[in-house]
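One file, coords-v8.cif, carrying mmCIF, C-alpha atoms:
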```
data_run
loop_
_atom_site.group_PDB
_atom_site.id
_atom_site.type_symbol
_atom_site.label_atom_id
_atom_site.label_comp_id
_atom_site.auth_asym_id
_atom_site.auth_seq_id
_atom_site.Cartn_x
_atom_site.Cartn_y
_atom_site.Cartn_z
ATOM 1 C CA MET A 1 140.790 -27.176 68.767
ATOM 2 C CA SER A 2 143.301 -27.992 71.491
ATOM 3 C CA ASN A 3 143.351 -25.866 74.641
ATOM 4 C CA GLU A 4 147.083 -25.284 74.127
ATOM 5 C CA TYR A 5 146.303 -22.666 71.491
ATOM 6 C CA GLU A 6 144.036 -20.792 73.863
ATOM 7 C CA LYS A 7 146.631 -20.977 76.608
ATOM 8 C CA ASN A 8 149.405 -19.631 74.397
ATOM 9 C CA TYR A 9 147.283 -16.849 72.888
ATOM 10 C CA ASP A 10 147.735 -13.906 75.227
ATOM 11 C CA LYS A 11 144.653 -11.787 74.580
ATOM 12 C CA ASP A 12 145.517 -9.150 77.169
ATOM 13 C CA ARG A 13 148.936 -8.686 75.629
ATOM 14 C CA VAL A 14 147.393 -8.043 72.224
ATOM 15 C CA LEU A 15 144.838 -5.628 73.647
ATOM 16 C CA GLU A 16 147.653 -3.678 75.271
ATOM 17 C CA SER A 17 149.363 -3.275 71.881
ATOM 18 C CA GLY A 18 146.981 -0.516 70.848
ATOM 19 C CA ILE A 19 143.938 -2.197 69.317
ATOM 20 C CA LYS A 20 141.018 0.123 69.866
ATOM 21 C CA SER A 21 137.287 -0.215 69.987
ATOM 22 C CA CYS A 22 134.597 2.412 69.957
ATOM 23 C CA SER A 23 134.801 2.564 73.744
ATOM 24 C CA ASP A 24 138.246 4.180 73.440
ATOM 25 C CA CYS A 25 136.736 7.294 71.870
ATOM 26 C CA SER A 26 135.866 10.217 74.092
ATOM 27 C CA ASP A 27 132.911 10.998 71.851
ATOM 28 C CA CYS A 28 131.309 8.053 70.113
ATOM 29 C CA GLY A 29 131.082 8.657 66.391
ATOM 30 C CA ASP A 30 134.144 10.842 66.006
ATOM 31 C CA CYS A 31 136.589 8.174 64.822
ATOM 32 C CA ASP A 32 136.876 6.954 61.246
ATOM 33 C CA GLY A 33 136.005 3.387 62.134
ATOM 34 C CA CYS A 34 132.889 4.281 64.106
ATOM 35 C CA ASP A 35 129.395 4.683 62.733
ATOM 36 C CA GLY A 36 128.098 6.016 66.009
ATOM 37 C CA GLU A 37 127.232 2.624 67.448
ATOM 38 C CA CYS A 38 129.453 1.257 70.191
ATOM 39 C CA GLY A 39 131.029 -2.034 69.229
ATOM 40 C CA GLU A 40 132.358 -1.031 65.810
ATOM 41 C CA ILE A 41 136.087 -1.575 65.437
ATOM 42 C CA TYR A 42 138.308 1.458 65.032
ATOM 43 C CA ASP A 43 140.758 0.423 62.326
ATOM 44 C CA ASN A 44 142.857 1.531 59.401
ATOM 45 C CA LEU A 45 141.381 -0.845 56.846
ATOM 46 C CA ASN A 46 139.494 0.045 53.720
ATOM 47 C CA LYS A 47 135.801 0.387 54.595
ATOM 48 C CA GLU A 48 135.024 -2.601 52.374
ATOM 49 C CA SER A 49 137.443 -4.826 54.312
ATOM 50 C CA LYS A 50 137.049 -6.928 57.423
ATOM 51 C CA ILE A 51 139.940 -9.142 58.494
ATOM 52 C CA ARG A 52 139.809 -11.541 61.415
ATOM 53 C CA CYS A 53 143.530 -12.267 61.803
ATOM 54 C CA VAL A 54 146.559 -10.228 60.680
ATOM 55 C CA VAL A 55 150.001 -11.796 61.151
ATOM 56 C CA MET A 56 153.474 -10.850 59.940
ATOM 57 C CA VAL A 57 155.801 -13.549 58.611
ATOM 58 C CA CYS A 58 159.277 -12.425 59.673
ATOM 59 C CA GLY A 59 162.886 -13.504 59.579
ATOM 60 C CA VAL A 60 165.659 -10.939 59.490
ATOM 61 C CA LYS A 61 168.078 -13.235 57.622
ATOM 62 C CA GLY A 62 167.631 -12.993 53.848
ATOM 63 C CA GLY A 63 166.772 -16.158 51.921
ATOM 64 C CA ILE A 64 165.413 -17.926 54.970
ATOM 65 C CA GLY A 65 162.090 -18.733 53.251
ATOM 66 C CA LYS A 66 159.570 -16.141 54.418
ATOM 67 C CA SER A 67 157.769 -15.932 51.085
ATOM 68 C CA SER A 68 157.640 -19.711 50.737
ATOM 69 C CA VAL A 69 156.245 -20.067 54.247
ATOM 70 C CA SER A 70 153.668 -17.329 53.556
ATOM 71 C CA GLY A 71 152.567 -19.168 50.415
ATOM 72 C CA ILE A 72 152.457 -22.578 52.084
ATOM 73 C CA LEU A 73 150.336 -21.256 54.964
ATOM 74 C CA ALA A 74 148.012 -19.460 52.559
ATOM 75 C CA ASN A 75 147.595 -22.544 50.354
ATOM 76 C CA ARG A 76 146.838 -24.746 53.331
ATOM 77 C CA LEU A 77 144.270 -22.311 54.726
ATOM 78 C CA ARG A 78 142.555 -22.119 51.315
ATOM 79 C CA THR A 79 142.455 -25.914 51.096
ATOM 80 C CA LEU A 80 140.686 -25.948 54.455
ATOM 81 C CA GLY A 81 138.118 -23.449 53.178
ATOM 82 C CA TYR A 82 139.367 -20.230 54.762
ATOM 83 C CA SER A 83 139.647 -16.895 52.951
ATOM 84 C CA VAL A 84 143.212 -15.607 52.983
ATOM 85 C CA GLY A 85 145.330 -12.803 51.563
ATOM 86 C CA ILE A 86 149.057 -12.110 51.290
ATOM 87 C CA LEU A 87 150.443 -8.589 51.528
ATOM 88 C CA ASP A 88 153.931 -8.606 50.027
ATOM 89 C CA ALA A 89 155.746 -5.987 52.102
ATOM 90 C CA ASN A 90 159.130 -7.112 50.773
ATOM 91 C CA LEU A 91 159.009 -4.254 48.298
ATOM 92 C CA SER A 92 162.536 -4.316 46.894
ATOM 93 C CA ALA A 93 162.625 -8.100 46.449
ATOM 94 C CA SER A 94 158.985 -9.021 45.976
ATOM 95 C CA ALA A 95 158.376 -12.668 45.119
ATOM 96 C CA ILE A 96 154.740 -13.459 45.861
ATOM 97 C CA GLY A 97 153.292 -12.311 42.530
ATOM 98 C CA ALA A 98 155.858 -14.246 40.493
ATOM 99 C CA MET A 99 155.461 -17.362 42.654
ATOM 100 C CA TYR A 100 151.759 -17.501 41.823
ATOM 101 C CA GLY A 101 152.135 -16.459 38.204
ATOM 102 C CA ALA A 102 150.112 -13.288 38.703
ATOM 103 C CA THR A 103 149.722 -11.556 35.350
ATOM 104 C CA ARG A 104 146.741 -9.254 35.938
ATOM 105 C CA LYS A 105 147.457 -5.873 37.468
ATOM 106 C CA PRO A 106 145.555 -4.704 40.547
ATOM 107 C CA ILE A 107 142.646 -2.415 39.678
ATOM 108 C CA VAL A 108 142.688 1.037 41.246
ATOM 109 C CA GLY A 109 139.194 2.501 41.599
ATOM 110 C CA ASP A 110 137.120 4.804 43.754
ATOM 111 C CA ALA A 111 136.642 2.126 46.410
ATOM 112 C CA GLY A 112 140.354 1.402 46.635
ATOM 113 C CA ILE A 113 142.832 -1.083 45.189
ATOM 114 C CA ILE A 114 141.388 -4.423 44.079
ATOM 115 C CA PRO A 115 143.970 -7.161 44.760
ATOM 116 C CA VAL A 116 145.003 -9.908 42.368
ATOM 117 C CA PHE A 117 143.471 -13.365 42.859
ATOM 118 C CA THR A 118 145.611 -16.475 42.441
ATOM 119 C CA GLU A 119 144.382 -19.658 40.746
ATOM 120 C CA ASN A 120 143.403 -21.097 44.142
ATOM 121 C CA GLY A 121 141.608 -17.966 45.325
ATOM 122 C CA ILE A 122 144.235 -16.230 47.452
ATOM 123 C CA GLU A 123 144.174 -12.426 47.364
ATOM 124 C CA ILE A 124 147.620 -10.939 46.841
ATOM 125 C CA ILE A 125 149.064 -7.469 46.564
ATOM 126 C CA SER A 126 152.664 -7.007 45.492
ATOM 127 C CA LEU A 127 154.531 -4.020 44.075
ATOM 128 C CA PRO A 128 155.722 -5.773 40.860
ATOM 129 C CA CYS A 129 152.069 -6.456 39.986
ATOM 130 C CA PHE A 130 151.767 -2.740 39.175
ATOM 131 C CA ILE A 131 154.654 -2.583 36.693
ATOM 132 C CA ASN A 132 155.245 -4.152 33.296
ATOM 133 C CA ASN A 133 158.744 -5.490 33.934
ATOM 134 C CA GLU A 134 159.482 -7.320 37.175
ATOM 135 C CA ALA A 135 163.214 -7.082 36.432
ATOM 136 C CA ILE A 136 163.139 -3.325 37.049
ATOM 137 C CA PRO A 137 164.927 -2.701 40.359
ATOM 138 C CA MET A 138 162.897 -1.069 43.101
ATOM 139 C CA SER A 139 165.097 1.472 44.862
ATOM 140 C CA LEU A 140 163.016 2.624 47.790
ATOM 141 C CA GLY A 141 164.090 4.660 50.753
ATOM 142 C CA SER A 142 162.844 3.836 54.228
ATOM 143 C CA LYS A 143 160.069 6.442 54.062
ATOM 144 C CA ASP A 144 158.802 5.212 50.680
ATOM 145 C CA ALA A 145 158.880 1.582 51.788
ATOM 146 C CA LYS A 146 156.843 2.362 54.882
ATOM 147 C CA GLU A 147 154.298 4.374 52.903
ATOM 148 C CA PHE A 148 153.861 1.618 50.315
ATOM 149 C CA ALA A 149 153.392 -1.027 53.025
ATOM 150 C CA LEU A 150 150.794 1.083 54.830
ATOM 151 C CA GLN A 151 148.963 1.839 51.592
ATOM 152 C CA PHE A 152 148.843 -1.850 50.698
ATOM 153 C CA TYR A 153 147.303 -2.538 54.105
ATOM 154 C CA SER A 154 144.824 0.321 54.312
ATOM 155 C CA ASP A 155 143.840 1.091 50.695
ATOM 156 C CA VAL A 156 143.366 -2.440 49.342
ATOM 157 C CA VAL A 157 139.797 -3.750 49.191
ATOM 158 C CA TRP A 158 140.479 -7.042 50.946
ATOM 159 C CA GLY A 159 136.826 -7.778 51.571
ATOM 160 C CA MET A 160 136.093 -10.450 54.176
ATOM 161 C CA LEU A 161 139.270 -12.330 55.071
ATOM 162 C CA ASP A 162 139.860 -14.908 57.756
ATOM 163 C CA VAL A 163 143.637 -14.402 57.659
ATOM 164 C CA LEU A 164 145.962 -11.786 56.161
ATOM 165 C CA LEU A 165 149.632 -12.774 56.030
ATOM 166 C CA ILE A 166 152.177 -9.964 55.688
ATOM 167 C CA ASP A 167 155.376 -11.172 54.042
ATOM 168 C CA CYS A 168 157.968 -8.895 55.660
ATOM 169 C CA PRO A 169 161.328 -7.877 54.192
ATOM 170 C CA SER A 170 164.613 -9.043 55.671
ATOM 171 C CA ASP A 171 165.504 -5.500 56.758
ATOM 172 C CA THR A 172 162.264 -5.666 58.632
ATOM 173 C CA ALA A 173 162.572 -3.040 61.369
ATOM 174 C CA ASP A 174 161.197 0.099 59.662
ATOM 175 C CA VAL A 175 158.324 -1.547 57.806
ATOM 176 C CA MET A 176 157.566 -3.855 60.712
ATOM 177 C CA GLN A 177 157.462 -0.936 63.168
ATOM 178 C CA GLU A 178 155.198 1.086 60.899
ATOM 179 C CA LEU A 179 152.732 -1.798 60.620
ATOM 180 C CA ILE A 180 152.920 -2.464 64.351
ATOM 181 C CA ASN A 181 152.051 1.185 65.000
ATOM 182 C CA ILE A 182 148.695 0.610 63.321
ATOM 183 C CA GLY A 183 147.810 -1.469 66.374
ATOM 184 C CA GLU A 184 145.863 -4.173 64.546
ATOM 185 C CA LEU A 185 148.365 -7.025 64.325
ATOM 186 C CA ASP A 186 147.828 -10.357 66.033
ATOM 187 C CA GLY A 187 151.466 -11.353 66.133
ATOM 188 C CA VAL A 188 154.416 -12.617 64.141
ATOM 189 C CA ILE A 189 155.535 -15.936 62.726
ATOM 190 C CA LEU A 190 159.289 -16.473 62.928
ATOM 191 C CA VAL A 191 161.050 -18.223 60.045
ATOM 192 C CA THR A 192 164.572 -19.447 60.730
ATOM 193 C CA ASP A 193 166.859 -22.433 60.510
ATOM 194 C CA ALA A 194 168.838 -24.128 63.278
ATOM 195 C CA GLY A 195 172.103 -22.351 62.444
ATOM 196 C CA GLU A 196 173.724 -20.065 64.990
ATOM 197 C CA LEU A 197 173.590 -16.935 62.814
ATOM 198 C CA SER A 198 169.955 -17.482 61.864
ATOM 199 C CA GLY A 199 169.150 -18.064 65.517
ATOM 200 C CA ILE A 200 170.659 -14.721 66.496
ATOM 201 C CA MET A 201 168.657 -12.970 63.777
ATOM 202 C CA ALA A 202 165.450 -14.739 64.835
ATOM 203 C CA GLN A 203 166.048 -13.754 68.445
ATOM 204 C CA LYS A 204 166.312 -10.108 67.393
ATOM 205 C CA THR A 205 162.966 -10.355 65.635
ATOM 206 C CA ALA A 206 161.362 -12.111 68.604
ATOM 207 C CA ASN A 207 162.699 -9.450 70.974
ATOM 208 C CA PHE A 208 161.429 -6.730 68.652
ATOM 209 C CA ALA A 209 157.966 -8.307 68.717
ATOM 210 C CA TRP A 210 158.079 -8.712 72.499
ATOM 211 C CA ILE A 211 159.080 -5.088 73.062
ATOM 212 C CA ASN A 212 156.094 -4.060 70.953
ATOM 213 C CA LYS A 213 153.783 -6.392 72.912
ATOM 214 C CA LEU A 214 153.128 -8.741 70.019
ATOM 215 C CA ASN A 215 152.660 -12.471 70.366
ATOM 216 C CA VAL A 216 155.016 -14.838 68.582
ATOM 217 C CA VAL A 217 152.298 -16.931 66.981
ATOM 218 C CA GLY A 218 154.663 -19.684 65.911
ATOM 219 C CA LEU A 219 158.077 -20.674 64.625
ATOM 220 C CA VAL A 220 158.947 -22.402 61.355
ATOM 221 C CA GLU A 221 162.278 -24.207 61.244
ATOM 222 C CA ASN A 222 163.199 -24.211 57.566
ATOM 223 C CA TYR A 223 165.777 -26.585 56.049
ATOM 224 C CA ALA A 224 165.288 -28.797 59.085
ATOM 225 C CA ASP A 225 167.010 -31.768 57.415
ATOM 226 C CA LEU A 226 170.312 -29.859 57.197
ATOM 227 C CA TYR A 227 170.828 -29.470 60.950
ATOM 228 C CA GLU A 228 170.991 -32.260 63.517
ATOM 229 C CA ASP A 229 171.489 -29.956 66.491
ATOM 230 C CA LYS A 230 168.214 -28.200 67.341
ATOM 231 C CA ALA A 231 169.530 -26.271 70.358
ATOM 232 C CA VAL A 232 168.983 -22.907 68.666
ATOM 233 C CA ILE A 233 165.342 -23.713 67.911
ATOM 234 C CA ASP A 234 164.739 -25.205 71.359
ATOM 235 C CA SER A 235 166.182 -22.095 73.015
ATOM 236 C CA LEU A 236 164.017 -19.728 70.967
ATOM 237 C CA CYS A 237 160.851 -21.640 71.769
ATOM 238 C CA GLN A 238 161.678 -21.867 75.453
ATOM 239 C CA ASN A 239 162.737 -18.235 75.889
ATOM 240 C CA PHE A 240 159.723 -16.799 74.087
ATOM 241 C CA GLY A 241 157.085 -19.342 75.109
ATOM 242 C CA ILE A 242 156.494 -20.578 71.562
ATOM 243 C CA ASN A 243 154.505 -23.808 71.534
ATOM 244 C CA SER A 244 153.335 -23.704 67.905
ATOM 245 C CA ARG A 245 156.419 -25.026 66.181
ATOM 246 C CA ASP A 246 156.726 -26.579 62.734
ATOM 247 C CA SER A 247 159.529 -27.618 60.425
ATOM 248 C CA LEU A 248 160.175 -27.864 56.693
ATOM 249 C CA ASP A 249 162.788 -30.057 55.049
ATOM 250 C CA THR A 250 164.583 -28.994 51.880
ATOM 251 C CA ASP A 251 161.976 -29.391 49.149
ATOM 252 C CA MET A 252 162.905 -28.809 45.513
ATOM 253 C CA SER A 253 159.230 -28.756 44.521
ATOM 254 C CA ILE A 254 158.934 -25.387 46.277
ATOM 255 C CA ARG A 255 161.599 -23.922 43.997
ATOM 256 C CA ARG A 256 160.223 -25.614 40.895
ATOM 257 C CA LEU A 257 156.671 -24.378 41.447
ATOM 258 C CA SER A 258 157.839 -20.882 42.420
ATOM 259 C CA ASP A 259 160.106 -20.553 39.395
ATOM 260 C CA ASN A 260 157.266 -21.523 37.083
ATOM 261 C CA GLY A 261 154.572 -19.355 38.702
ATOM 262 C CA LEU A 262 152.656 -22.431 39.839
ATOM 263 C CA PHE A 263 152.839 -22.161 43.599
ATOM 264 C CA HIS A 264 149.067 -22.529 43.831
ATOM 265 C CA GLU A 265 149.689 -26.219 43.063
ATOM 266 C CA TYR A 266 151.696 -26.766 46.260
ATOM 267 C CA ASP A 267 149.345 -28.893 48.357
ATOM 268 C CA LYS A 268 151.458 -30.700 50.939
ATOM 269 C CA ASP A 269 149.934 -30.981 54.409
ATOM 270 C CA VAL A 270 152.666 -29.224 56.377
ATOM 271 C CA LEU A 271 152.924 -26.492 59.032
ATOM 272 C CA GLY A 272 149.821 -27.891 60.691
ATOM 273 C CA ASN A 273 150.493 -26.486 64.159
ATOM 274 C CA ILE A 274 150.760 -22.914 62.931
ATOM 275 C CA VAL A 275 147.796 -23.326 60.580
ATOM 276 C CA ASP A 276 145.727 -24.473 63.570
ATOM 277 C CA LYS A 277 146.927 -21.466 65.569
ATOM 278 C CA LEU A 278 145.926 -19.030 62.813
ATOM 279 C CA ILE A 279 142.512 -20.663 62.586
ATOM 280 C CA TYR A 280 142.095 -20.380 66.344
ATOM 281 C CA ILE A 281 142.952 -16.661 66.333
ATOM 282 C CA SER A 282 140.617 -16.056 63.390
ATOM 283 C CA GLU A 283 137.718 -17.864 64.997
ATOM 284 C CA HIS A 284 138.210 -16.026 68.300
ATOM 285 C CA HIS A 285 138.685 -12.557 66.847
ATOM 286 C CA ASN A 286 135.640 -11.229 68.694
ATOM 287 C CA ASP A 287 137.364 -11.931 72.007
ATOM 288 C CA ARG A 288 140.319 -9.861 70.863
ATOM 289 C CA VAL A 289 139.225 -6.971 68.683
ATOM 290 C CA TYR A 290 135.638 -6.228 69.484
ATOM 291 C CA GLU A 291 135.881 -6.271 73.248
ATOM 292 C CA VAL A 292 133.863 -3.267 74.397
ATOM 293 C CA VAL A 293 133.528 -2.034 77.963
ATOM 294 C CA GLU A 294 129.872 -1.717 78.827
ATOM 295 C CA GLU A 295 128.962 1.464 80.653
#
```
Rewrite the structure of this file - the entire thing - as structure tokens.
Amino acid sequence: MSNEYEKNYDKDRVLESGIKSCSDCSDCGDCDGCDGECGEIYDNLNKESKIRCVVMVCGVKGGIGKSSVSGILANRLRTLGYSVGILDANLSASAIGAMYGATRKPIVGDAGIIPVFTENGIEIISLPCFINNEAIPMSLGSKDAKEFALQFYSDVVWGMLDVLLIDCPSDTADVMQELINIGELDGVILVTDAGELSGIMAQKTANFAWINKLNVVGLVENYADLYEDKAVIDSLCQNFGINSRDSLDTDMSIRRLSDNGLFHEYDKDVLGNIVDKLIYISEHHNDRVYEVVEE
């Protein structure tokens, strides 16, 4: 793996965001994530879950392609042999389940919520998976949306995952802030196009991440073939130190596969820079999460 990923991954910045280890406890053994042995991670995950990399896919502008990008990244990671899950936090306009043709409902048991598996082995959790009619509108207030998103993160039995992608809603602030407050996120992936309005929206998201001491893991320029002027994208990458940058041209196969619940068949080798970055973070999770101060 290239050294550029290591250089751009600011471990200290992530540690400052609130990730805790057993060494943060005044009395070892008192926290939920501690079994009394220093070195255990203090986290909010289901006890049957262990996730190496948790990243939010964000873009404040609606219709910019967050769900498609989440699916493409997940498919590519699965093709490369990594275990991956998608948490659909876009509760009022959930698309992930329909994209993958998910028909089985999640199982709720004593251990927690068992997610749905796609045809290519991706674990997904999405609100419409729990109801019989996806056309039923989901009218959720801010408090309900935040509680659902947190429950999907903490109560789902994810098992051992290399990467968990959180597909964020367009009105991302409340849900995004609630998930950030957990203190276990590795960063955000920005999805935008090269238009001026989209650039302004993406800058808001990047600033929001920066204020909360989160890394911008990468940027996806969607609909790249529609814009010749890349000044908006260049400015975002320069201002926020983003060196993992990828682009997607308009691709009707994405719509066709999504509309027919066959997104697991999307196998194009795209978004390679960001895929490599996610793999790097996953493989170096011990440097980030389990750092314990020896006494």
TODO: Identify all residues satisfying the PyMOL selection byres ((chain A and resi 165) around 6) in the given file; provide them as a ChimeraX atom specification.
DONE: /A:55-56,86,164,166
Could you name the residues that touch segment 99-114 of chain A at 7 Å or less, counting all atoms listed in the file, but leaving out those on the same chain fewer than 4 positions away, as a compact mmCIF listing (two decimals) with C-alpha atoms, in the coordinates of the input?
```txt
# COMPACT_ATOMS: atom_id res chain seq x y z
CA ALA A 95 158.38 -12.67 45.12
CA THR A 118 145.61 -16.48 42.44
CA CYS A 129 152.07 -6.46 39.99
CA PHE A 130 151.77 -2.74 39.17
CA ASP A 155 143.84 1.09 50.70
CA VAL A 156 143.37 -2.44 49.34
CA VAL A 157 139.80 -3.75 49.19
CA SER A 258 157.84 -20.88 42.42
CA ASP A 259 160.11 -20.55 39.40
CA GLY A 261 154.57 -19.36 38.70
CA LEU A 262 152.66 -22.43 39.84
CA PHE A 263 152.84 -22.16 43.60
CA HIS A 264 149.07 -22.53 43.83
```
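The nearest approach to Gly81 of chain A among the residues A:Ser235, A:Phe152, A:Leu127, A:Ile279, with all atoms listed in the file taken into account, belongs to A:Ile279.
Atom CA of Ser94 of chain A is positioned 20.7 Å from atom CA of Ala202 of chain A.
Across the chains present, the PyMOL selection byres ((chain A and resi 151) around 12) applied to this file returns Asn44, Leu45, Asn46, Leu87, Asp88, Ala89, Gly112, Ile113, Ile125, Ser126, Leu127, Asp144, Ala145, Lys146, Glu147, Phe148, Ala149, Leu150, Phe152, Tyr153, Ser154, Asp155, Val156, Val157, Val175, Glu178, Leu179 and Ile182 of chain A.
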If you apply the PyMOL selection byres ((chain A and resi 74) around 10) to this file, what residues do you get, as a PDB file with C-alpha atoms, keeping the file's coordinate frame?
```
ATOM      1  CA  SER A  68     157.640 -19.711  50.737  1.00  0.00           C
ATOM      2  CA  VAL A  69     156.245 -20.067  54.247  1.00  0.00           C
ATOM      3  CA  SER A  70     153.668 -17.329  53.556  1.00  0.00           C
ATOM      4  CA  GLY A  71     152.567 -19.168  50.415  1.00  0.00           C
ATOM      5  CA  ILE A  72     152.457 -22.578  52.084  1.00  0.00           C
ATOM      6  CA  LEU A  73     150.336 -21.256  54.964  1.00  0.00           C
ATOM      7  CA  ASN A  75     147.595 -22.544  50.354  1.00  0.00           C
ATOM      8  CA  ARG A  76     146.838 -24.746  53.331  1.00  0.00           C
ATOM      9  CA  LEU A  77     144.270 -22.311  54.726  1.00  0.00           C
ATOM     10  CA  ARG A  78     142.555 -22.119  51.315  1.00  0.00           C
ATOM     11  CA  THR A  79     142.455 -25.914  51.096  1.00  0.00           C
ATOM     12  CA  LEU A  80     140.686 -25.948  54.455  1.00  0.00           C
ATOM     13  CA  TYR A  82     139.367 -20.230  54.762  1.00  0.00           C
ATOM     14  CA  SER A  83     139.647 -16.895  52.951  1.00  0.00           C
ATOM     15  CA  VAL A  84     143.212 -15.607  52.983  1.00  0.00           C
ATOM     16  CA  GLY A  85     145.330 -12.803  51.563  1.00  0.00           C
ATOM     17  CA  ILE A  86     149.057 -12.110  51.290  1.00  0.00           C
ATOM     18  CA  ASN A 120     143.403 -21.097  44.142  1.00  0.00           C
ATOM     19  CA  GLY A 121     141.608 -17.966  45.325  1.00  0.00           C
ATOM     20  CA  ILE A 122     144.235 -16.230  47.452  1.00  0.00           C
ATOM     21  CA  GLU A 123     144.174 -12.426  47.364  1.00  0.00           C
ATOM     22  CA  VAL A 163     143.637 -14.402  57.659  1.00  0.00           C
ATOM     23  CA  LEU A 164     145.962 -11.786  56.161  1.00  0.00           C
ATOM     24  CA  LEU A 165     149.632 -12.774  56.030  1.00  0.00           C
ATOM     25  CA  HIS A 264     149.067 -22.529  43.831  1.00  0.00           C
ATOM     26  CA  VAL A 275     147.796 -23.326  60.580  1.00  0.00           C
TER      27      VAL A 275
END
```
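Note that the spacing between atom CA of Met176 of chain A and atom CA of Asn215 of chain A amounts to 13.8 Å.
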Excluding Cys237 of chain A and its own-chain neighbours fewer than 5 positions away, which residues fall within 12 Å of it when counting all atoms listed in the file? Please give them as a PDB file with C-alpha atoms, keeping the file's coordinate frame.
```pdb
ATOM      1  CA  ASN A   8     149.405 -19.631  74.397  1.00  0.00           C
ATOM      2  CA  ILE A 189     155.535 -15.936  62.726  1.00  0.00           C
ATOM      3  CA  LEU A 190     159.289 -16.473  62.928  1.00  0.00           C
ATOM      4  CA  THR A 192     164.572 -19.447  60.730  1.00  0.00           C
ATOM      5  CA  ALA A 194     168.838 -24.128  63.278  1.00  0.00           C
ATOM      6  CA  GLY A 199     169.150 -18.064  65.517  1.00  0.00           C
ATOM      7  CA  ALA A 202     165.450 -14.739  64.835  1.00  0.00           C
ATOM      8  CA  GLN A 203     166.048 -13.754  68.445  1.00  0.00           C
ATOM      9  CA  ALA A 206     161.362 -12.111  68.604  1.00  0.00           C
ATOM     10  CA  VAL A 216     155.016 -14.838  68.582  1.00  0.00           C
ATOM     11  CA  VAL A 217     152.298 -16.931  66.981  1.00  0.00           C
ATOM     12  CA  GLY A 218     154.663 -19.684  65.911  1.00  0.00           C
ATOM     13  CA  LEU A 219     158.077 -20.674  64.625  1.00  0.00           C
ATOM     14  CA  VAL A 220     158.947 -22.402  61.355  1.00  0.00           C
ATOM     15  CA  GLU A 221     162.278 -24.207  61.244  1.00  0.00           C
ATOM     16  CA  LYS A 230     168.214 -28.200  67.341  1.00  0.00           C
ATOM     17  CA  ALA A 231     169.530 -26.271  70.358  1.00  0.00           C
ATOM     18  CA  VAL A 232     168.983 -22.907  68.666  1.00  0.00           C
ATOM     19  CA  ILE A 242     156.494 -20.578  71.562  1.00  0.00           C
ATOM     20  CA  ASN A 243     154.505 -23.808  71.534  1.00  0.00           C
ATOM     21  CA  SER A 244     153.335 -23.704  67.905  1.00  0.00           C
ATOM     22  CA  ARG A 245     156.419 -25.026  66.181  1.00  0.00           C
ATOM     23  CA  ASP A 246     156.726 -26.579  62.734  1.00  0.00           C
TER      24      ASP A 246
END
```
- [ ] Considering all atoms listed in the file, state which residue in the set A:Ala98, A:Leu278, A:Leu226, A:Val191 is at the smallest distance from Pro169 of chain A.
- [x] A:Val191
Open item on the list: Just to confirm, what's the straight-line distance from atom CA of Ile200 of chain A to atom CA of Asp229 of chain A in Å (one decimal)?
Closed with: 15.3 Å
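Near Ala209 of chain A, within 9 Å and counting all atoms listed in the file, sit A:Ile180, A:Gly187, A:Val188, A:Lys204, A:Thr205, A:Lys213, A:Leu214, A:Asn215, A:Val216, not including residues fewer than 4 positions from it in the same chain.
Candidate residues A:Arg255, A:Leu161, A:Lys47, A:Pro128 were compared for distance to Glu283 of chain A, and the nearest is A:Leu161, using only C-alpha atoms.
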